[in-house]
file work-v7.pdb (PDB, N, CA and C atoms, pLDDT in the B column)
ATOM      1  N   MET A1028      -2.286  19.876 -21.851  1.00 39.00           N
ATOM      2  CA  MET A1028      -3.384  19.065 -21.354  1.00 39.00           C
ATOM      3  C   MET A1028      -2.829  17.792 -20.713  1.00 39.00           C
ATOM      4  N   LYS A1029      -3.305  17.480 -19.521  1.00 39.00           N
ATOM      5  CA  LYS A1029      -2.818  16.307 -18.799  1.00 39.00           C
ATOM      6  C   LYS A1029      -3.522  15.051 -19.275  1.00 39.00           C
ATOM      7  N   THR A1030      -2.767  13.962 -19.302  1.00 38.00           N
ATOM      8  CA  THR A1030      -3.379  12.673 -19.593  1.00 38.00           C
ATOM      9  C   THR A1030      -3.738  12.008 -18.281  1.00 38.00           C
ATOM     10  N   THR A1031      -4.525  10.963 -18.347  1.00 41.00           N
ATOM     11  CA  THR A1031      -4.906  10.236 -17.134  1.00 41.00           C
ATOM     12  C   THR A1031      -3.677   9.702 -16.409  1.00 41.00           C
ATOM     13  N   ALA A1032      -2.680   9.237 -17.151  1.00 42.00           N
ATOM     14  CA  ALA A1032      -1.473   8.676 -16.539  1.00 42.00           C
ATOM     15  C   ALA A1032      -0.703   9.725 -15.750  1.00 42.00           C
ATOM     16  N   GLU A1033      -0.834  10.993 -16.127  1.00 41.00           N
ATOM     17  CA  GLU A1033      -0.095  12.039 -15.433  1.00 41.00           C
ATOM     18  C   GLU A1033      -0.704  12.361 -14.087  1.00 41.00           C
ATOM     19  N   GLY A1034      -1.989  12.169 -13.959  1.00 47.00           N
ATOM     20  CA  GLY A1034      -2.649  12.365 -12.686  1.00 47.00           C
ATOM     21  C   GLY A1034      -2.717  13.819 -12.278  1.00 47.00           C
ATOM     22  N   ALA A1035      -3.027  14.047 -11.021  1.00 49.00           N
ATOM     23  CA  ALA A1035      -3.245  15.392 -10.511  1.00 49.00           C
ATOM     24  C   ALA A1035      -1.979  16.047  -9.990  1.00 49.00           C
ATOM     25  N   ARG A1036      -0.855  15.389 -10.047  1.00 50.00           N
ATOM     26  CA  ARG A1036       0.367  15.957  -9.492  1.00 50.00           C
ATOM     27  C   ARG A1036       1.240  16.601 -10.558  1.00 50.00           C
ATOM     28  N   GLY A1037       0.633  17.180 -11.563  1.00 57.00           N
ATOM     29  CA  GLY A1037       1.391  17.922 -12.539  1.00 57.00           C
ATOM     30  C   GLY A1037       2.346  17.082 -13.360  1.00 57.00           C
ATOM     31  N   GLY A1038       1.968  15.885 -13.730  1.00 64.00           N
ATOM     32  CA  GLY A1038       2.806  15.065 -14.590  1.00 64.00           C
ATOM     33  C   GLY A1038       3.682  14.076 -13.848  1.00 64.00           C
ATOM     34  N   ALA A1039       3.692  14.130 -12.529  1.00 76.00           N
ATOM     35  CA  ALA A1039       4.502  13.183 -11.763  1.00 76.00           C
ATOM     36  C   ALA A1039       3.898  11.788 -11.864  1.00 76.00           C
ATOM     37  N   GLN A1040       4.737  10.815 -12.026  1.00 77.00           N
ATOM     38  CA  GLN A1040       4.274   9.432 -12.067  1.00 77.00           C
ATOM     39  C   GLN A1040       3.924   8.995 -10.648  1.00 77.00           C
ATOM     40  N   PRO A1041       2.913   8.137 -10.494  1.00 84.00           N
ATOM     41  CA  PRO A1041       2.570   7.668  -9.152  1.00 84.00           C
ATOM     42  C   PRO A1041       3.708   6.847  -8.565  1.00 84.00           C
ATOM     43  N   GLU A1042       3.864   6.944  -7.238  1.00 93.00           N
ATOM     44  CA  GLU A1042       4.909   6.156  -6.582  1.00 93.00           C
ATOM     45  C   GLU A1042       4.588   4.682  -6.720  1.00 93.00           C
ATOM     46  N   ARG A1043       5.601   3.913  -6.995  1.00 95.00           N
ATOM     47  CA  ARG A1043       5.471   2.461  -7.131  1.00 95.00           C
ATOM     48  C   ARG A1043       6.333   1.797  -6.069  1.00 95.00           C
ATOM     49  N   ILE A1044       5.902   0.640  -5.613  1.00 95.00           N
ATOM     50  CA  ILE A1044       6.660  -0.135  -4.629  1.00 95.00           C
ATOM     51  C   ILE A1044       7.242  -1.344  -5.333  1.00 95.00           C
ATOM     52  N   ASP A1045       8.551  -1.419  -5.323  1.00 95.00           N
ATOM     53  CA  ASP A1045       9.268  -2.519  -5.959  1.00 95.00           C
ATOM     54  C   ASP A1045       9.637  -3.538  -4.892  1.00 95.00           C
ATOM     55  N   ILE A1046       8.828  -4.587  -4.761  1.00 94.00           N
ATOM     56  CA  ILE A1046       9.060  -5.570  -3.696  1.00 94.00           C
ATOM     57  C   ILE A1046      10.231  -6.499  -4.002  1.00 94.00           C
ATOM     58  N   SER A1047      10.816  -6.378  -5.185  1.00 96.00           N
ATOM     59  CA  SER A1047      11.993  -7.192  -5.480  1.00 96.00           C
ATOM     60  C   SER A1047      13.262  -6.557  -4.918  1.00 96.00           C
ATOM     61  N   SER A1048      13.166  -5.323  -4.450  1.00 95.00           N
ATOM     62  CA  SER A1048      14.300  -4.617  -3.858  1.00 95.00           C
ATOM     63  C   SER A1048      14.173  -4.664  -2.336  1.00 95.00           C
ATOM     64  N   ALA A1049      15.173  -5.221  -1.673  1.00 96.00           N
ATOM     65  CA  ALA A1049      15.145  -5.327  -0.207  1.00 96.00           C
ATOM     66  C   ALA A1049      15.054  -3.946   0.432  1.00 96.00           C
ATOM     67  N   ARG A1050      15.749  -2.982  -0.144  1.00 96.00           N
ATOM     68  CA  ARG A1050      15.736  -1.619   0.394  1.00 96.00           C
ATOM     69  C   ARG A1050      14.322  -1.025   0.313  1.00 96.00           C
ATOM     70  N   GLU A1051      13.667  -1.197  -0.832  1.00 95.00           N
ATOM     71  CA  GLU A1051      12.298  -0.706  -1.015  1.00 95.00           C
ATOM     72  C   GLU A1051      11.331  -1.433  -0.084  1.00 95.00           C
ATOM     73  N   LEU A1052      11.495  -2.726   0.032  1.00 95.00           N
ATOM     74  CA  LEU A1052      10.631  -3.523   0.900  1.00 95.00           C
ATOM     75  C   LEU A1052      10.736  -3.042   2.343  1.00 95.00           C
ATOM     76  N   ASP A1053      11.959  -2.814   2.810  1.00 96.00           N
ATOM     77  CA  ASP A1053      12.164  -2.296   4.169  1.00 96.00           C
ATOM     78  C   ASP A1053      11.548  -0.911   4.335  1.00 96.00           C
ATOM     79  N   LYS A1054      11.825  -0.013   3.384  1.00 96.00           N
ATOM     80  CA  LYS A1054      11.329   1.368   3.467  1.00 96.00           C
ATOM     81  C   LYS A1054       9.806   1.407   3.536  1.00 96.00           C
ATOM     82  N   TRP A1055       9.148   0.703   2.629  1.00 96.00           N
ATOM     83  CA  TRP A1055       7.691   0.744   2.571  1.00 96.00           C
ATOM     84  C   TRP A1055       7.052  -0.036   3.714  1.00 96.00           C
ATOM     85  N   SER A1056       7.677  -1.099   4.165  1.00 96.00           N
ATOM     86  CA  SER A1056       7.138  -1.830   5.319  1.00 96.00           C
ATOM     87  C   SER A1056       7.122  -0.934   6.555  1.00 96.00           C
ATOM     88  N   ARG A1057       8.208  -0.178   6.746  1.00 96.00           N
ATOM     89  CA  ARG A1057       8.261   0.758   7.875  1.00 96.00           C
ATOM     90  C   ARG A1057       7.244   1.882   7.692  1.00 96.00           C
ATOM     91  N   ARG A1058       7.199   2.445   6.496  1.00 95.00           N
ATOM     92  CA  ARG A1058       6.310   3.576   6.223  1.00 95.00           C
ATOM     93  C   ARG A1058       4.840   3.200   6.418  1.00 95.00           C
ATOM     94  N   LEU A1059       4.474   1.998   5.996  1.00 94.00           N
ATOM     95  CA  LEU A1059       3.080   1.564   6.090  1.00 94.00           C
ATOM     96  C   LEU A1059       2.793   0.740   7.344  1.00 94.00           C
ATOM     97  N   ASP A1060       3.838   0.486   8.138  1.00 94.00           N
ATOM     98  CA  ASP A1060       3.709  -0.253   9.397  1.00 94.00           C
ATOM     99  C   ASP A1060       3.098  -1.639   9.194  1.00 94.00           C
ATOM    100  N   VAL A1061       3.702  -2.373   8.241  1.00 96.00           N
ATOM    101  CA  VAL A1061       3.262  -3.744   7.958  1.00 96.00           C
ATOM    102  C   VAL A1061       4.490  -4.636   7.788  1.00 96.00           C
ATOM    103  N   SER A1062       4.278  -5.925   7.878  1.00 96.00           N
ATOM    104  CA  SER A1062       5.374  -6.871   7.663  1.00 96.00           C
ATOM    105  C   SER A1062       5.697  -6.964   6.176  1.00 96.00           C
ATOM    106  N   HIS A1063       6.855  -7.505   5.865  1.00 96.00           N
ATOM    107  CA  HIS A1063       7.239  -7.726   4.468  1.00 96.00           C
ATOM    108  C   HIS A1063       6.219  -8.624   3.770  1.00 96.00           C
ATOM    109  N   ASP A1064       5.786  -9.669   4.450  1.00 96.00           N
ATOM    110  CA  ASP A1064       4.812 -10.594   3.853  1.00 96.00           C
ATOM    111  C   ASP A1064       3.483  -9.901   3.564  1.00 96.00           C
ATOM    112  N   CYS A1065       3.045  -9.066   4.473  1.00 96.00           N
ATOM    113  CA  CYS A1065       1.792  -8.338   4.284  1.00 96.00           C
ATOM    114  C   CYS A1065       1.914  -7.380   3.097  1.00 96.00           C
ATOM    115  N   LEU A1066       3.054  -6.716   2.972  1.00 97.00           N
ATOM    116  CA  LEU A1066       3.283  -5.806   1.859  1.00 97.00           C
ATOM    117  C   LEU A1066       3.310  -6.560   0.536  1.00 97.00           C
ATOM    118  N   ARG A1067       3.977  -7.697   0.519  1.00 96.00           N
ATOM    119  CA  ARG A1067       4.002  -8.525  -0.703  1.00 96.00           C
ATOM    120  C   ARG A1067       2.587  -8.948  -1.101  1.00 96.00           C
ATOM    121  N   GLU A1068       1.786  -9.358  -0.135  1.00 96.00           N
ATOM    122  CA  GLU A1068       0.414  -9.773  -0.416  1.00 96.00           C
ATOM    123  C   GLU A1068      -0.391  -8.610  -0.980  1.00 96.00           C
ATOM    124  N   ALA A1069      -0.206  -7.438  -0.424  1.00 96.00           N
ATOM    125  CA  ALA A1069      -0.934  -6.259  -0.897  1.00 96.00           C
ATOM    126  C   ALA A1069      -0.561  -5.929  -2.338  1.00 96.00           C
ATOM    127  N   VAL A1070       0.733  -6.034  -2.672  1.00 97.00           N
ATOM    128  CA  VAL A1070       1.171  -5.771  -4.043  1.00 97.00           C
ATOM    129  C   VAL A1070       0.561  -6.798  -4.990  1.00 97.00           C
ATOM    130  N   ARG A1071       0.524  -8.051  -4.577  1.00 97.00           N
ATOM    131  CA  ARG A1071      -0.110  -9.081  -5.421  1.00 97.00           C
ATOM    132  C   ARG A1071      -1.599  -8.799  -5.602  1.00 97.00           C
ATOM    133  N   ALA A1072      -2.242  -8.276  -4.569  1.00 96.00           N
ATOM    134  CA  ALA A1072      -3.690  -8.048  -4.623  1.00 96.00           C
ATOM    135  C   ALA A1072      -4.084  -6.839  -5.468  1.00 96.00           C
ATOM    136  N   VAL A1073      -3.321  -5.741  -5.360  1.00 97.00           N
ATOM    137  CA  VAL A1073      -3.766  -4.501  -6.017  1.00 97.00           C
ATOM    138  C   VAL A1073      -2.749  -3.875  -6.956  1.00 97.00           C
ATOM    139  N   GLY A1074      -1.564  -4.463  -7.075  1.00 97.00           N
ATOM    140  CA  GLY A1074      -0.548  -3.878  -7.946  1.00 97.00           C
ATOM    141  C   GLY A1074       0.476  -3.072  -7.155  1.00 97.00           C
ATOM    142  N   SER A1075       1.360  -2.397  -7.848  1.00 96.00           N
ATOM    143  CA  SER A1075       2.505  -1.765  -7.190  1.00 96.00           C
ATOM    144  C   SER A1075       2.347  -0.279  -6.885  1.00 96.00           C
ATOM    145  N   ARG A1076       1.213   0.322  -7.234  1.00 97.00           N
ATOM    146  CA  ARG A1076       1.015   1.746  -6.916  1.00 97.00           C
ATOM    147  C   ARG A1076       0.861   1.926  -5.415  1.00 97.00           C
ATOM    148  N   ALA A1077       1.713   2.769  -4.833  1.00 95.00           N
ATOM    149  CA  ALA A1077       1.728   2.972  -3.390  1.00 95.00           C
ATOM    150  C   ALA A1077       0.366   3.397  -2.855  1.00 95.00           C
ATOM    151  N   MET A1078      -0.328   4.280  -3.574  1.00 95.00           N
ATOM    152  CA  MET A1078      -1.628   4.754  -3.112  1.00 95.00           C
ATOM    153  C   MET A1078      -2.638   3.608  -3.040  1.00 95.00           C
ATOM    154  N   ASP A1079      -2.630   2.741  -4.038  1.00 96.00           N
ATOM    155  CA  ASP A1079      -3.555   1.602  -4.044  1.00 96.00           C
ATOM    156  C   ASP A1079      -3.255   0.646  -2.893  1.00 96.00           C
ATOM    157  N   ILE A1080      -1.976   0.438  -2.644  1.00 96.00           N
ATOM    158  CA  ILE A1080      -1.571  -0.462  -1.559  1.00 96.00           C
ATOM    159  C   ILE A1080      -1.991   0.111  -0.211  1.00 96.00           C
ATOM    160  N   GLU A1081      -1.785   1.406  -0.029  1.00 95.00           N
ATOM    161  CA  GLU A1081      -2.169   2.038   1.230  1.00 95.00           C
ATOM    162  C   GLU A1081      -3.681   1.922   1.456  1.00 95.00           C
ATOM    163  N   TRP A1082      -4.491   2.169   0.431  1.00 95.00           N
ATOM    164  CA  TRP A1082      -5.941   2.020   0.541  1.00 95.00           C
ATOM    165  C   TRP A1082      -6.310   0.580   0.882  1.00 95.00           C
ATOM    166  N   HIS A1083      -5.663  -0.370   0.221  1.00 95.00           N
ATOM    167  CA  HIS A1083      -5.928  -1.789   0.458  1.00 95.00           C
ATOM    168  C   HIS A1083      -5.630  -2.157   1.912  1.00 95.00           C
ATOM    169  N   LEU A1084      -4.498  -1.702   2.402  1.00 94.00           N
ATOM    170  CA  LEU A1084      -4.112  -2.027   3.779  1.00 94.00           C
ATOM    171  C   LEU A1084      -5.040  -1.367   4.793  1.00 94.00           C
ATOM    172  N   ARG A1085      -5.414  -0.129   4.544  1.00 92.00           N
ATOM    173  CA  ARG A1085      -6.343   0.559   5.453  1.00 92.00           C
ATOM    174  C   ARG A1085      -7.695  -0.139   5.483  1.00 92.00           C
ATOM    175  N   ALA A1086      -8.174  -0.552   4.319  1.00 92.00           N
ATOM    176  CA  ALA A1086      -9.458  -1.252   4.254  1.00 92.00           C
ATOM    177  C   ALA A1086      -9.387  -2.551   5.050  1.00 92.00           C
ATOM    178  N   GLY A1087      -8.270  -3.247   4.952  1.00 86.00           N
ATOM    179  CA  GLY A1087      -8.093  -4.496   5.690  1.00 86.00           C
ATOM    180  C   GLY A1087      -8.064  -4.280   7.184  1.00 86.00           C
ATOM    181  N   ARG A1088      -7.420  -3.200   7.600  1.00 80.00           N
ATOM    182  CA  ARG A1088      -7.349  -2.901   9.033  1.00 80.00           C
ATOM    183  C   ARG A1088      -8.696  -2.502   9.581  1.00 80.00           C
ATOM    184  N   SER A1089      -9.422  -1.665   8.876  1.00 76.00           N
ATOM    185  CA  SER A1089     -10.725  -1.234   9.372  1.00 76.00           C
ATOM    186  C   SER A1089     -11.712  -2.395   9.348  1.00 76.00           C
ATOM    187  N   GLY A1090     -11.593  -3.263   8.359  1.00 66.00           N
ATOM    188  CA  GLY A1090     -12.456  -4.443   8.293  1.00 66.00           C
ATOM    189  C   GLY A1090     -12.196  -5.387   9.443  1.00 66.00           C
ATOM    190  N   ALA A1091     -10.927  -5.602   9.763  1.00 57.00           N
ATOM    191  CA  ALA A1091     -10.575  -6.482  10.874  1.00 57.00           C
ATOM    192  C   ALA A1091     -11.046  -5.882  12.187  1.00 57.00           C
ATOM    193  N   SER A1092     -10.924  -4.562  12.318  1.00 47.00           N
ATOM    194  CA  SER A1092     -11.382  -3.881  13.521  1.00 47.00           C
ATOM    195  C   SER A1092     -12.886  -4.025  13.672  1.00 47.00           C
ATOM    196  N   ALA A1093     -13.618  -3.848  12.586  1.00 44.00           N
ATOM    197  CA  ALA A1093     -15.078  -3.976  12.627  1.00 44.00           C
ATOM    198  C   ALA A1093     -15.485  -5.399  12.988  1.00 44.00           C
ATOM    199  N   LEU A1094     -14.752  -6.384  12.459  1.00 41.00           N
ATOM    200  CA  LEU A1094     -15.056  -7.774  12.774  1.00 41.00           C
ATOM    201  C   LEU A1094     -14.845  -8.054  14.249  1.00 41.00           C
ATOM    202  N   ARG A1095     -13.770  -7.525  14.827  1.00 44.00           N
ATOM    203  CA  ARG A1095     -13.502  -7.739  16.245  1.00 44.00           C
ATOM    204  C   ARG A1095     -14.625  -7.129  17.091  1.00 44.00           C
ATOM    205  N   LYS A1096     -15.069  -5.916  16.730  1.00 46.00           N
ATOM    206  CA  LYS A1096     -16.132  -5.257  17.484  1.00 46.00           C
ATOM    207  C   LYS A1096     -17.432  -6.053  17.397  1.00 46.00           C
ATOM    208  N   THR A1097     -17.754  -6.531  16.207  1.00 42.00           N
ATOM    209  CA  THR A1097     -18.982  -7.303  16.015  1.00 42.00           C
ATOM    210  C   THR A1097     -18.923  -8.605  16.809  1.00 42.00           C
ATOM    211  N   SER A1098     -17.793  -9.279  16.776  1.00 43.00           N
ATOM    212  CA  SER A1098     -17.640 -10.553  17.513  1.00 43.00           C
ATOM    213  C   SER A1098     -17.729 -10.325  19.010  1.00 43.00           C
ATOM    214  N   ALA A1099     -17.172  -9.224  19.487  1.00 49.00           N
ATOM    215  CA  ALA A1099     -17.159  -8.946  20.913  1.00 49.00           C
ATOM    216  C   ALA A1099     -18.554  -8.627  21.425  1.00 49.00           C
ATOM    217  N   SER A1100     -19.377  -8.005  20.588  1.00 49.00           N
ATOM    218  CA  SER A1100     -20.709  -7.614  21.049  1.00 49.00           C
ATOM    219  C   SER A1100     -21.731  -8.751  20.902  1.00 49.00           C
ATOM    220  N   ALA A1101     -21.353  -9.813  20.246  1.00 49.00           N
ATOM    221  CA  ALA A1101     -22.295 -10.922  20.022  1.00 49.00           C
ATOM    222  C   ALA A1101     -22.403 -11.843  21.196  1.00 49.00           C
TER
END

call {"tool": "encode", "arguments": {"input": "work-v7.pdb", "output": "structure tokens"}}
result
Amino acid sequence: MKTTAEGARGGAQPERIDISSARELDKWSRRLDVSHDCLREAVRAVGSRAMDIEWHLRAGRSGASALRKTSASA
């Protein structure tokens, strides 16, 4: 029986982003197409789980896009 911590990937732990490692910071910044500072802010906002960070960043991008569209049409 799986526990909640094991998740849906058959016991695999969720990917975590370690922003204290320069190598990890570079890898994830490239993968998510964000600056190091933006990635650090996302980790502070939602924690180190890669999936949570990706959702956070996507929400921010779509929100900014919606704001630009609303401002342009006003």

call {"tool": "atom_distance", "arguments": {"input": "work-v7.pdb", "atom1": "atom C of Ala1086 in chain A", "atom2": "atom N of Arg1043 in chain A"}}
result
20.3 Å

call {"tool": "atom_distance", "arguments": {"input": "work-v7.pdb", "atom1": "atom C of Ile1046 in chain A", "atom2": "atom N of Leu1059 in chain A"}}
result
14.3 Å

call {"tool": "atom_distance", "arguments": {"input": "work-v7.pdb", "atom1": "CA of Ser1047 in chain A", "atom2": "atom C of Ser1089 in chain A"}}
result
28.4 Å

call {"tool": "resolve_selection", "arguments": {"input": "work-v7.pdb", "expression": "the PyMOL selection byres ((chain A and resi 1041) around 6.5)", "output": "PyMOL selection string"}}
result
chain A and resi 1039-1040+1042-1043+1076-1077

call {"tool": "resolve_selection", "arguments": {"input": "work-v7.pdb", "expression": "the PyMOL selection byres (((chain A and resi 1069 and name CA) around 10) and name CA)", "output": "PyMOL selection string"}}
result
chain A and resi 1063-1068+1070-1075+1077+1079-1084+1087

call {"tool": "build_atoms", "arguments": {"input": "work-v7.pdb", "residues": "range 1073-1084 of chain A", "atoms": "all heavy atoms", "output": "PDB file, keeping the file's coordinate frame"}}
result
ATOM      1  N   VAL A1073      -3.321  -5.741  -5.360  1.00 97.00           N
ATOM      2  CA  VAL A1073      -3.766  -4.501  -6.017  1.00 97.00           C
ATOM      3  C   VAL A1073      -2.749  -3.875  -6.956  1.00 97.00           C
ATOM      4  O   VAL A1073      -3.029  -2.845  -7.559  1.00 97.00           O
ATOM      5  CB  VAL A1073      -4.215  -3.440  -4.974  1.00 97.00           C
ATOM      6  CG1 VAL A1073      -5.384  -3.945  -4.159  1.00 97.00           C
ATOM      7  CG2 VAL A1073      -3.062  -3.008  -4.084  1.00 97.00           C
ATOM      8  N   GLY A1074      -1.564  -4.463  -7.075  1.00 97.00           N
ATOM      9  CA  GLY A1074      -0.548  -3.878  -7.946  1.00 97.00           C
ATOM     10  C   GLY A1074       0.476  -3.072  -7.155  1.00 97.00           C
ATOM     11  O   GLY A1074       0.444  -3.055  -5.931  1.00 97.00           O
ATOM     12  N   SER A1075       1.360  -2.397  -7.848  1.00 96.00           N
ATOM     13  CA  SER A1075       2.505  -1.765  -7.190  1.00 96.00           C
ATOM     14  C   SER A1075       2.347  -0.279  -6.885  1.00 96.00           C
ATOM     15  O   SER A1075       3.246   0.330  -6.324  1.00 96.00           O
ATOM     16  CB  SER A1075       3.762  -1.964  -8.049  1.00 96.00           C
ATOM     17  OG  SER A1075       3.615  -1.303  -9.295  1.00 96.00           O
ATOM     18  N   ARG A1076       1.213   0.322  -7.234  1.00 97.00           N
ATOM     19  CA  ARG A1076       1.015   1.746  -6.916  1.00 97.00           C
ATOM     20  C   ARG A1076       0.861   1.926  -5.415  1.00 97.00           C
ATOM     21  O   ARG A1076      -0.006   1.321  -4.778  1.00 97.00           O
ATOM     22  CB  ARG A1076      -0.216   2.297  -7.614  1.00 97.00           C
ATOM     23  CG  ARG A1076       0.009   2.567  -9.079  1.00 97.00           C
ATOM     24  CD  ARG A1076      -1.150   3.256  -9.721  1.00 97.00           C
ATOM     25  NE  ARG A1076      -1.621   4.354  -8.898  1.00 97.00           N
ATOM     26  CZ  ARG A1076      -2.781   4.969  -9.066  1.00 97.00           C
ATOM     27  NH1 ARG A1076      -3.582   4.597 -10.021  1.00 97.00           N
ATOM     28  NH2 ARG A1076      -3.139   5.954  -8.280  1.00 97.00           N
ATOM     29  N   ALA A1077       1.713   2.769  -4.833  1.00 95.00           N
ATOM     30  CA  ALA A1077       1.728   2.972  -3.390  1.00 95.00           C
ATOM     31  C   ALA A1077       0.366   3.397  -2.855  1.00 95.00           C
ATOM     32  O   ALA A1077      -0.079   2.912  -1.808  1.00 95.00           O
ATOM     33  CB  ALA A1077       2.792   3.999  -3.020  1.00 95.00           C
ATOM     34  N   MET A1078      -0.328   4.280  -3.574  1.00 95.00           N
ATOM     35  CA  MET A1078      -1.628   4.754  -3.112  1.00 95.00           C
ATOM     36  C   MET A1078      -2.638   3.608  -3.040  1.00 95.00           C
ATOM     37  O   MET A1078      -3.388   3.492  -2.066  1.00 95.00           O
ATOM     38  CB  MET A1078      -2.163   5.839  -4.044  1.00 95.00           C
ATOM     39  CG  MET A1078      -3.464   6.446  -3.575  1.00 95.00           C
ATOM     40  SD  MET A1078      -4.194   7.648  -4.717  1.00 95.00           S
ATOM     41  CE  MET A1078      -2.856   8.784  -4.939  1.00 95.00           C
ATOM     42  N   ASP A1079      -2.630   2.741  -4.038  1.00 96.00           N
ATOM     43  CA  ASP A1079      -3.555   1.602  -4.044  1.00 96.00           C
ATOM     44  C   ASP A1079      -3.255   0.646  -2.893  1.00 96.00           C
ATOM     45  O   ASP A1079      -4.167   0.119  -2.250  1.00 96.00           O
ATOM     46  CB  ASP A1079      -3.469   0.842  -5.369  1.00 96.00           C
ATOM     47  CG  ASP A1079      -3.969   1.663  -6.552  1.00 96.00           C
ATOM     48  OD1 ASP A1079      -4.690   2.664  -6.343  1.00 96.00           O
ATOM     49  OD2 ASP A1079      -3.624   1.308  -7.689  1.00 96.00           O
ATOM     50  N   ILE A1080      -1.976   0.438  -2.644  1.00 96.00           N
ATOM     51  CA  ILE A1080      -1.571  -0.462  -1.559  1.00 96.00           C
ATOM     52  C   ILE A1080      -1.991   0.111  -0.211  1.00 96.00           C
ATOM     53  O   ILE A1080      -2.526  -0.604   0.643  1.00 96.00           O
ATOM     54  CB  ILE A1080      -0.047  -0.714  -1.612  1.00 96.00           C
ATOM     55  CG1 ILE A1080       0.279  -1.513  -2.876  1.00 96.00           C
ATOM     56  CG2 ILE A1080       0.437  -1.410  -0.347  1.00 96.00           C
ATOM     57  CD1 ILE A1080       1.737  -1.541  -3.219  1.00 96.00           C
ATOM     58  N   GLU A1081      -1.785   1.406  -0.029  1.00 95.00           N
ATOM     59  CA  GLU A1081      -2.169   2.038   1.230  1.00 95.00           C
ATOM     60  C   GLU A1081      -3.681   1.922   1.456  1.00 95.00           C
ATOM     61  O   GLU A1081      -4.125   1.575   2.546  1.00 95.00           O
ATOM     62  CB  GLU A1081      -1.749   3.503   1.234  1.00 95.00           C
ATOM     63  CG  GLU A1081      -1.951   4.161   2.570  1.00 95.00           C
ATOM     64  CD  GLU A1081      -1.344   5.542   2.656  1.00 95.00           C
ATOM     65  OE1 GLU A1081      -0.782   6.035   1.650  1.00 95.00           O
ATOM     66  OE2 GLU A1081      -1.431   6.136   3.750  1.00 95.00           O
ATOM     67  N   TRP A1082      -4.491   2.169   0.431  1.00 95.00           N
ATOM     68  CA  TRP A1082      -5.941   2.020   0.541  1.00 95.00           C
ATOM     69  C   TRP A1082      -6.310   0.580   0.882  1.00 95.00           C
ATOM     70  O   TRP A1082      -7.165   0.331   1.731  1.00 95.00           O
ATOM     71  CB  TRP A1082      -6.616   2.431  -0.769  1.00 95.00           C
ATOM     72  CG  TRP A1082      -6.801   3.910  -0.886  1.00 95.00           C
ATOM     73  CD1 TRP A1082      -5.960   4.787  -1.492  1.00 95.00           C
ATOM     74  CD2 TRP A1082      -7.871   4.689  -0.370  1.00 95.00           C
ATOM     75  NE1 TRP A1082      -6.450   6.053  -1.390  1.00 95.00           N
ATOM     76  CE2 TRP A1082      -7.628   6.024  -0.717  1.00 95.00           C
ATOM     77  CE3 TRP A1082      -9.018   4.369   0.335  1.00 95.00           C
ATOM     78  CZ2 TRP A1082      -8.498   7.053  -0.363  1.00 95.00           C
ATOM     79  CZ3 TRP A1082      -9.881   5.397   0.684  1.00 95.00           C
ATOM     80  CH2 TRP A1082      -9.613   6.717   0.333  1.00 95.00           C
ATOM     81  N   HIS A1083      -5.663  -0.370   0.221  1.00 95.00           N
ATOM     82  CA  HIS A1083      -5.928  -1.789   0.458  1.00 95.00           C
ATOM     83  C   HIS A1083      -5.630  -2.157   1.912  1.00 95.00           C
ATOM     84  O   HIS A1083      -6.429  -2.833   2.569  1.00 95.00           O
ATOM     85  CB  HIS A1083      -5.081  -2.619  -0.499  1.00 95.00           C
ATOM     86  CG  HIS A1083      -5.176  -4.091  -0.294  1.00 95.00           C
ATOM     87  ND1 HIS A1083      -6.270  -4.834  -0.698  1.00 95.00           N
ATOM     88  CD2 HIS A1083      -4.311  -4.971   0.278  1.00 95.00           C
ATOM     89  CE1 HIS A1083      -6.061  -6.104  -0.378  1.00 95.00           C
ATOM     90  NE2 HIS A1083      -4.892  -6.208   0.214  1.00 95.00           N
ATOM     91  N   LEU A1084      -4.498  -1.702   2.402  1.00 94.00           N
ATOM     92  CA  LEU A1084      -4.112  -2.027   3.779  1.00 94.00           C
ATOM     93  C   LEU A1084      -5.040  -1.367   4.793  1.00 94.00           C
ATOM     94  O   LEU A1084      -5.418  -1.984   5.781  1.00 94.00           O
ATOM     95  CB  LEU A1084      -2.656  -1.614   4.025  1.00 94.00           C
ATOM     96  CG  LEU A1084      -1.610  -2.413   3.243  1.00 94.00           C
ATOM     97  CD1 LEU A1084      -0.240  -1.776   3.377  1.00 94.00           C
ATOM     98  CD2 LEU A1084      -1.588  -3.861   3.697  1.00 94.00           C
TER      99      LEU A1084
END
